[in-house]
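Enquirer: Dropping in upload_34.pdb, with PDB, C-alpha atoms.
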```
ATOM      1  CA  MET A  10      83.553  98.790 147.961
ATOM      2  CA  ARG A  11      81.656  96.385 150.208
ATOM      3  CA  ILE A  12      78.809  93.882 150.280
ATOM      4  CA  ILE A  13      75.710  95.833 151.345
ATOM      5  CA  ALA A  14      73.441  93.143 152.834
ATOM      6  CA  GLY A  15      72.983  89.450 153.555
ATOM      7  CA  LYS A  16      75.342  86.731 154.782
ATOM      8  CA  ALA A  17      78.498  88.594 153.731
ATOM      9  CA  LYS A  18      77.293  92.063 154.748
ATOM     10  CA  SER A  19      80.128  94.591 155.230
ATOM     11  CA  TYR A  20      82.848  92.442 153.656
ATOM     12  CA  SER A  21      85.222  94.695 151.740
ATOM     13  CA  LEU A  22      85.871  93.746 148.135
ATOM     14  CA  ARG A  23      89.048  94.247 146.148
ATOM     15  CA  VAL A  24      88.572  96.022 142.838
ATOM     16  CA  PRO A  25      90.778  95.427 139.768
ATOM     17  CA  ARG A  26      91.202  99.130 138.963
ATOM     18  CA  GLU A  27      92.874  98.655 135.586
ATOM     19  CA  VAL A  28      89.860  96.886 134.054
ATOM     20  CA  SER A  29      86.961  97.783 136.254
ATOM     21  CA  ARG A  30      84.520 100.600 136.882
ATOM     22  CA  PRO A  31      82.649  99.113 139.816
ATOM     23  CA  THR A  32      78.947  99.612 140.312
ATOM     24  CA  THR A  33      78.569 102.045 143.196
ATOM     25  CA  ASP A  34      76.992 101.059 146.521
ATOM     26  CA  ARG A  35      74.100 103.453 145.830
ATOM     27  CA  VAL A  36      73.303 101.855 142.471
ATOM     28  CA  ARG A  37      73.624  98.309 143.841
ATOM     29  CA  GLU A  38      71.379  99.157 146.791
ATOM     30  CA  SER A  39      68.697 100.501 144.444
ATOM     31  CA  VAL A  40      68.923  97.561 142.023
ATOM     32  CA  PHE A  41      68.780  94.970 144.786
ATOM     33  CA  GLY A  42      65.842  96.792 146.367
ATOM     34  CA  ILE A  43      63.947  96.290 143.106
ATOM     35  CA  LEU A  44      65.000  92.638 142.832
ATOM     36  CA  SER A  45      64.633  91.632 146.490
ATOM     37  CA  GLU A  46      61.693  89.246 145.926
ATOM     38  CA  ARG A  47      63.497  87.406 143.118
ATOM     39  CA  LEU A  48      66.845  86.747 144.803
ATOM     40  CA  VAL A  49      66.263  83.798 147.113
ATOM     41  CA  GLY A  50      67.150  80.619 145.231
ATOM     42  CA  ALA A  51      67.869  82.467 141.970
ATOM     43  CA  ARG A  52      70.294  81.305 139.298
ATOM     44  CA  VAL A  53      72.432  84.357 138.505
ATOM     45  CA  LEU A  54      74.864  85.258 135.723
ATOM     46  CA  ASP A  55      77.284  88.176 136.164
ATOM     47  CA  LEU A  56      78.696  89.249 132.755
ATOM     48  CA  PHE A  57      81.748  91.533 132.512
ATOM     49  CA  ALA A  58      82.048  90.683 136.219
ATOM     50  CA  GLY A  59      85.159  92.695 137.175
ATOM     51  CA  SER A  60      85.337  92.465 140.989
ATOM     52  CA  GLY A  61      82.176  90.339 141.069
ATOM     53  CA  ALA A  62      80.327  92.868 143.246
ATOM     54  CA  LEU A  63      76.916  92.320 141.624
ATOM     55  CA  GLY A  64      77.027  88.531 141.681
ATOM     56  CA  LEU A  65      78.531  88.446 145.180
ATOM     57  CA  GLU A  66      75.774  90.754 146.424
ATOM     58  CA  ALA A  67      73.204  88.382 144.899
ATOM     59  CA  LEU A  68      74.817  85.347 146.575
ATOM     60  CA  SER A  69      74.989  87.192 149.891
ATOM     61  CA  ARG A  70      71.263  87.937 149.644
ATOM     62  CA  GLY A  71      70.247  84.335 148.980
ATOM     63  CA  ALA A  72      70.820  83.482 145.315
ATOM     64  CA  ALA A  73      71.458  79.753 144.841
ATOM     65  CA  SER A  74      74.286  80.176 142.332
ATOM     66  CA  CYS A  75      76.185  82.696 140.264
ATOM     67  CA  ASP A  76      78.342  82.213 137.179
ATOM     68  CA  PHE A  77      80.852  85.061 136.917
ATOM     69  CA  VAL A  78      82.185  85.752 133.405
ATOM     70  CA  GLU A  79      85.272  87.947 133.006
ATOM     71  CA  LYS A  80      87.972  87.800 130.326
ATOM     72  CA  ASP A  81      90.797  89.681 132.085
ATOM     73  CA  ARG A  82      93.182  87.372 133.978
ATOM     74  CA  GLY A  83      93.972  89.953 136.688
ATOM     75  CA  ALA A  84      90.293  90.668 137.294
ATOM     76  CA  VAL A  85      89.591  86.937 137.483
ATOM     77  CA  ARG A  86      92.232  86.572 140.224
ATOM     78  CA  VAL A  87      90.694  89.450 142.193
ATOM     79  CA  LEU A  88      87.207  88.007 141.709
ATOM     80  CA  GLN A  89      88.353  84.573 142.956
ATOM     81  CA  GLU A  90      89.926  86.234 146.019
ATOM     82  CA  ASN A  91      86.677  88.121 146.703
ATOM     83  CA  LEU A  92      84.655  84.913 146.407
ATOM     84  CA  LYS A  93      86.990  83.105 148.790
ATOM     85  CA  LYS A  94      87.084  85.999 151.278
ATOM     86  CA  THR A  95      83.278  86.268 151.490
ATOM     87  CA  ARG A  96      82.919  82.482 151.913
ATOM     88  CA  LEU A  97      79.802  82.486 149.764
ATOM     89  CA  ASP A  98      78.760  79.169 148.219
ATOM     90  CA  GLY A  99      77.506  78.720 144.677
ATOM     91  CA  GLY A 100      79.962  80.920 142.795
ATOM     92  CA  SER A 101      81.735  79.736 139.660
ATOM     93  CA  VAL A 102      84.276  81.907 137.809
ATOM     94  CA  HIS A 103      84.738  81.615 134.036
ATOM     95  CA  GLN A 104      87.647  83.370 132.324
ATOM     96  CA  ARG A 105      86.108  83.837 128.887
ATOM     97  CA  GLU A 106      84.752  86.385 126.466
ATOM     98  CA  VAL A 107      81.077  87.066 127.208
ATOM     99  CA  ALA A 108      79.854  86.175 123.694
ATOM    100  CA  ASP A 109      81.785  82.877 123.752
ATOM    101  CA  PHE A 110      80.339  81.965 127.152
ATOM    102  CA  LEU A 111      76.779  82.749 126.047
ATOM    103  CA  LYS A 112      77.134  80.676 122.863
ATOM    104  CA  THR A 113      77.794  77.574 124.988
ATOM    105  CA  SER A 114      75.513  78.396 127.916
ATOM    106  CA  SER A 115      72.545  76.190 128.719
ATOM    107  CA  GLY A 116      70.851  79.308 130.059
ATOM    108  CA  GLY A 117      67.776  79.466 132.235
ATOM    109  CA  TYR A 118      69.144  82.250 134.452
ATOM    110  CA  ASP A 119      66.690  84.094 136.682
ATOM    111  CA  LEU A 120      68.871  87.218 136.798
ATOM    112  CA  ILE A 121      71.600  88.295 134.412
ATOM    113  CA  PHE A 122      73.740  91.279 135.363
ATOM    114  CA  ALA A 123      75.748  92.929 132.596
ATOM    115  CA  ASP A 124      78.082  95.848 133.200
ATOM    116  CA  PRO A 125      80.177  96.167 130.027
ATOM    117  CA  PRO A 126      82.901  98.818 129.773
ATOM    118  CA  TYR A 127      81.619 102.265 128.822
ATOM    119  CA  ALA A 128      82.999 104.109 125.801
ATOM    120  CA  SER A 129      86.534 102.815 125.805
ATOM    121  CA  GLY A 130      87.301 102.155 122.171
ATOM    122  CA  PHE A 131      85.369  98.859 122.195
ATOM    123  CA  GLY A 132      82.255 100.264 120.540
ATOM    124  CA  ASP A 133      78.906  99.968 122.315
ATOM    125  CA  LEU A 134      79.216  96.612 124.074
ATOM    126  CA  ALA A 135      75.852  97.111 125.803
ATOM    127  CA  ALA A 136      74.084  97.485 122.435
ATOM    128  CA  ASP A 137      75.974  94.505 121.010
ATOM    129  CA  LEU A 138      74.947  92.384 123.994
ATOM    130  CA  VAL A 139      71.214  93.120 123.979
ATOM    131  CA  SER A 140      71.018  92.672 120.202
ATOM    132  CA  MET A 141      72.363  89.099 120.390
ATOM    133  CA  ASP A 142      70.042  86.212 119.573
ATOM    134  CA  GLY A 143      69.501  83.775 122.430
ATOM    135  CA  TRP A 144      67.775  85.683 125.222
ATOM    136  CA  GLY A 145      64.889  83.213 125.089
ATOM    137  CA  THR A 146      67.395  80.540 126.167
ATOM    138  CA  TRP A 147      69.682  82.527 128.458
ATOM    139  CA  LEU A 148      66.889  84.058 130.562
ATOM    140  CA  ALA A 149      64.374  81.954 132.462
ATOM    141  CA  GLU A 150      60.765  82.609 131.462
ATOM    142  CA  ASP A 151      60.308  85.266 134.154
ATOM    143  CA  GLY A 152      63.970  86.293 134.280
ATOM    144  CA  PHE A 153      65.484  89.760 134.086
ATOM    145  CA  LEU A 154      68.528  91.222 132.368
ATOM    146  CA  ILE A 155      69.911  94.100 134.426
ATOM    147  CA  LEU A 156      72.145  96.210 132.196
ATOM    148  CA  GLU A 157      74.368  99.011 133.428
ATOM    149  CA  ARG A 158      75.499 101.424 130.769
ATOM    150  CA  GLU A 159      76.471 105.042 130.346
ATOM    151  CA  ALA A 160      73.536 107.383 131.068
ATOM    152  CA  ARG A 161      73.955 109.565 128.010
ATOM    153  CA  GLY A 162      72.728 108.249 124.722
ATOM    154  CA  GLU A 163      69.838 106.077 123.698
ATOM    155  CA  VAL A 164      68.870 102.813 125.334
ATOM    156  CA  PRO A 165      69.927 100.125 122.882
ATOM    157  CA  PRO A 166      67.195  98.294 120.987
ATOM    158  CA  ALA A 167      67.045  94.674 122.061
ATOM    159  CA  THR A 168      66.372  91.340 120.417
ATOM    160  CA  ASP A 169      63.668  89.299 122.200
ATOM    161  CA  LEU A 170      63.712  91.667 125.220
ATOM    162  CA  GLU A 171      61.378  94.388 126.468
ATOM    163  CA  ILE A 172      62.335  97.250 128.765
ATOM    164  CA  LEU A 173      60.648  96.891 132.131
ATOM    165  CA  ARG A 174      62.194  99.999 133.714
ATOM    166  CA  GLN A 175      65.200 102.295 133.496
ATOM    167  CA  ARG A 176      66.754 104.876 135.768
ATOM    168  CA  ASP A 177      69.818 107.103 135.719
ATOM    169  CA  TYR A 178      72.244 107.365 138.632
ATOM    170  CA  GLY A 179      74.758 110.071 137.812
ATOM    171  CA  ARG A 180      76.864 108.779 134.915
ATOM    172  CA  SER A 181      75.240 105.313 134.972
ATOM    173  CA  ARG A 182      71.929 104.102 133.592
ATOM    174  CA  ILE A 183      70.319 100.908 134.804
ATOM    175  CA  VAL A 184      67.983  99.245 132.296
ATOM    176  CA  ILE A 185      65.978  96.207 133.378
ATOM    177  CA  TYR A 186      64.781  94.003 130.538
ATOM    178  CA  GLU A 187      62.469  91.005 130.579
ATOM    179  CA  ARG A 188      61.919  88.400 127.890
ATOM    180  CA  ALA A 189      59.551  89.586 125.183
ATOM    181  CA  SER A 190      56.175  87.856 125.257
TER     182      SER A 190
END
```
Spit out the file's structure as structure tokens when you get a sec.

Expert:
Amino acid sequence: MRIIAGKAKSYSLRVPREVSRPTTDRVRESVFGILSERLVGARVLDLFAGSGALGLEALSRGAASCDFVEKDRGAVRVLQENLKKTRLDGGSVHQREVADFLKTSSGGYDLIFADPPYASGFGDLAADLVSMDGWGTWLAEDGFLILEREARGEVPPATDLEILRQRDYGRSRIVIYERAS
């Protein structure tokens, strides 16, 4: 796995295999192609961060800052190593449960990436996430939530969010939400 574009282009990233199913280069390239106009100067949040590939890609392409949220201690160490190796400024790593972080977040993020574990005995974490109250605070007025989830099954209904677009990439589905008007 590597950074695709920007200041840290071609840097290889470590992946914490025991807790992570990293977003493929193909999926990241497509997502960042869609978001290209919104990246420069953006405030980014990377939930269920794992290796940090999504947030690091955003920083490499010009985002002003990225808060990485990951609960697993081993993944946090790998993420911190990746941040240091790429020498990207603006990254902050938080070892916390996603729901706990969001409850105390001041919000206002331009882009929120969420890549919760797929069916792994945890229930549907993607559905739980988008049904939470608070998106009007967590997302900036014109912000996007970019959710990666398993392609099969229904797109989860969301609280205070509207689906802007969705696309399947093999086993993964990317759903881009915006704040409901």

Enquirer: Determine the residue set returned by the PyMOL selection byres ((chain A and resi 88-95) around 7) for the present structure, and present it as a list in words.

Expert: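 Applying the PyMOL selection byres ((chain A and resi 88-95) around 7) to the structure shown produces Ala17, Tyr20, Leu22, Arg23, Gly59, Ser60, Gly61, Ala84, Val85, Arg86, Val87, Arg96 and Leu97 of chain A.
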
Enquirer: Tell me which of A:Ser74, A:Thr33, A:Thr146, A:Gln175 sits closest to Arg188 in chain A, counting all atoms listed in the file.

Expert: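 With all atoms listed in the file as the atom set, the closest residue is A:Thr146.
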
Enquirer: Expand the PyMOL selection byres ((chain A and resi 115-118) around 8) into the explicit residue set it covers here, and present it as a ChimeraX atom specification.

Expert: /A:51-54,111,113-114,119-121,146-150,152

Enquirer: Given the PyMOL selection byres ((chain A and resi 186) around 6) and the file above, list the residues it selects as a VMD selection string.

Expert: chain A and resid 153 to 154 170 to 173 185 187

Enquirer: Could you check which of A:Gly15, A:Gly145, A:Pro25, A:Pro166 is closest to Ala72 in chain A, using all atoms listed in the file?

Expert: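 With all atoms listed in the file as the atom set, the closest residue is A:Gly15.
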
Enquirer: Report, in Å to a single decimal, how far apart CA of Arg105 in chain A and CA of Gly71 in chain A are.

Expert: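 CA of Arg105 in chain A lies 25.6 Å from CA of Gly71 in chain A.
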
Enquirer: Using only C-alpha atoms, which residues sit within 12 Å of Ala108 in chain A once same-chain residues fewer than 6 positions away are excluded, as a list in words?

Expert: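 The contact residues come out as Leu56, Phe57, Val78, Glu79, Lys80, Ser114, Ala123, Pro125, Leu134, Ala135, Asp137, Leu138, Val139, Ser140, Met141, Asp142, Gly143 and Trp147 of chain A.
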
Enquirer: Put those residues in a file: C-alpha atoms, as a JSON list (two decimals), keeping the file's coordinate frame.

Expert:
```json
[["chain", "number", "residue", "atom", "x", "y", "z"],
["A", 56, "LEU", "CA", 78.70, 89.25, 132.76],
["A", 57, "PHE", "CA", 81.75, 91.53, 132.51],
["A", 78, "VAL", "CA", 82.18, 85.75, 133.40],
["A", 79, "GLU", "CA", 85.27, 87.95, 133.01],
["A", 80, "LYS", "CA", 87.97, 87.80, 130.33],
["A", 114, "SER", "CA", 75.51, 78.40, 127.92],
["A", 123, "ALA", "CA", 75.75, 92.93, 132.60],
["A", 125, "PRO", "CA", 80.18, 96.17, 130.03],
["A", 134, "LEU", "CA", 79.22, 96.61, 124.07],
["A", 135, "ALA", "CA", 75.85, 97.11, 125.80],
["A", 137, "ASP", "CA", 75.97, 94.50, 121.01],
["A", 138, "LEU", "CA", 74.95, 92.38, 123.99],
["A", 139, "VAL", "CA", 71.21, 93.12, 123.98],
["A", 140, "SER", "CA", 71.02, 92.67, 120.20],
["A", 141, "MET", "CA", 72.36, 89.10, 120.39],
["A", 142, "ASP", "CA", 70.04, 86.21, 119.57],
["A", 143, "GLY", "CA", 69.50, 83.78, 122.43],
["A", 147, "TRP", "CA", 69.68, 82.53, 128.46]]
```
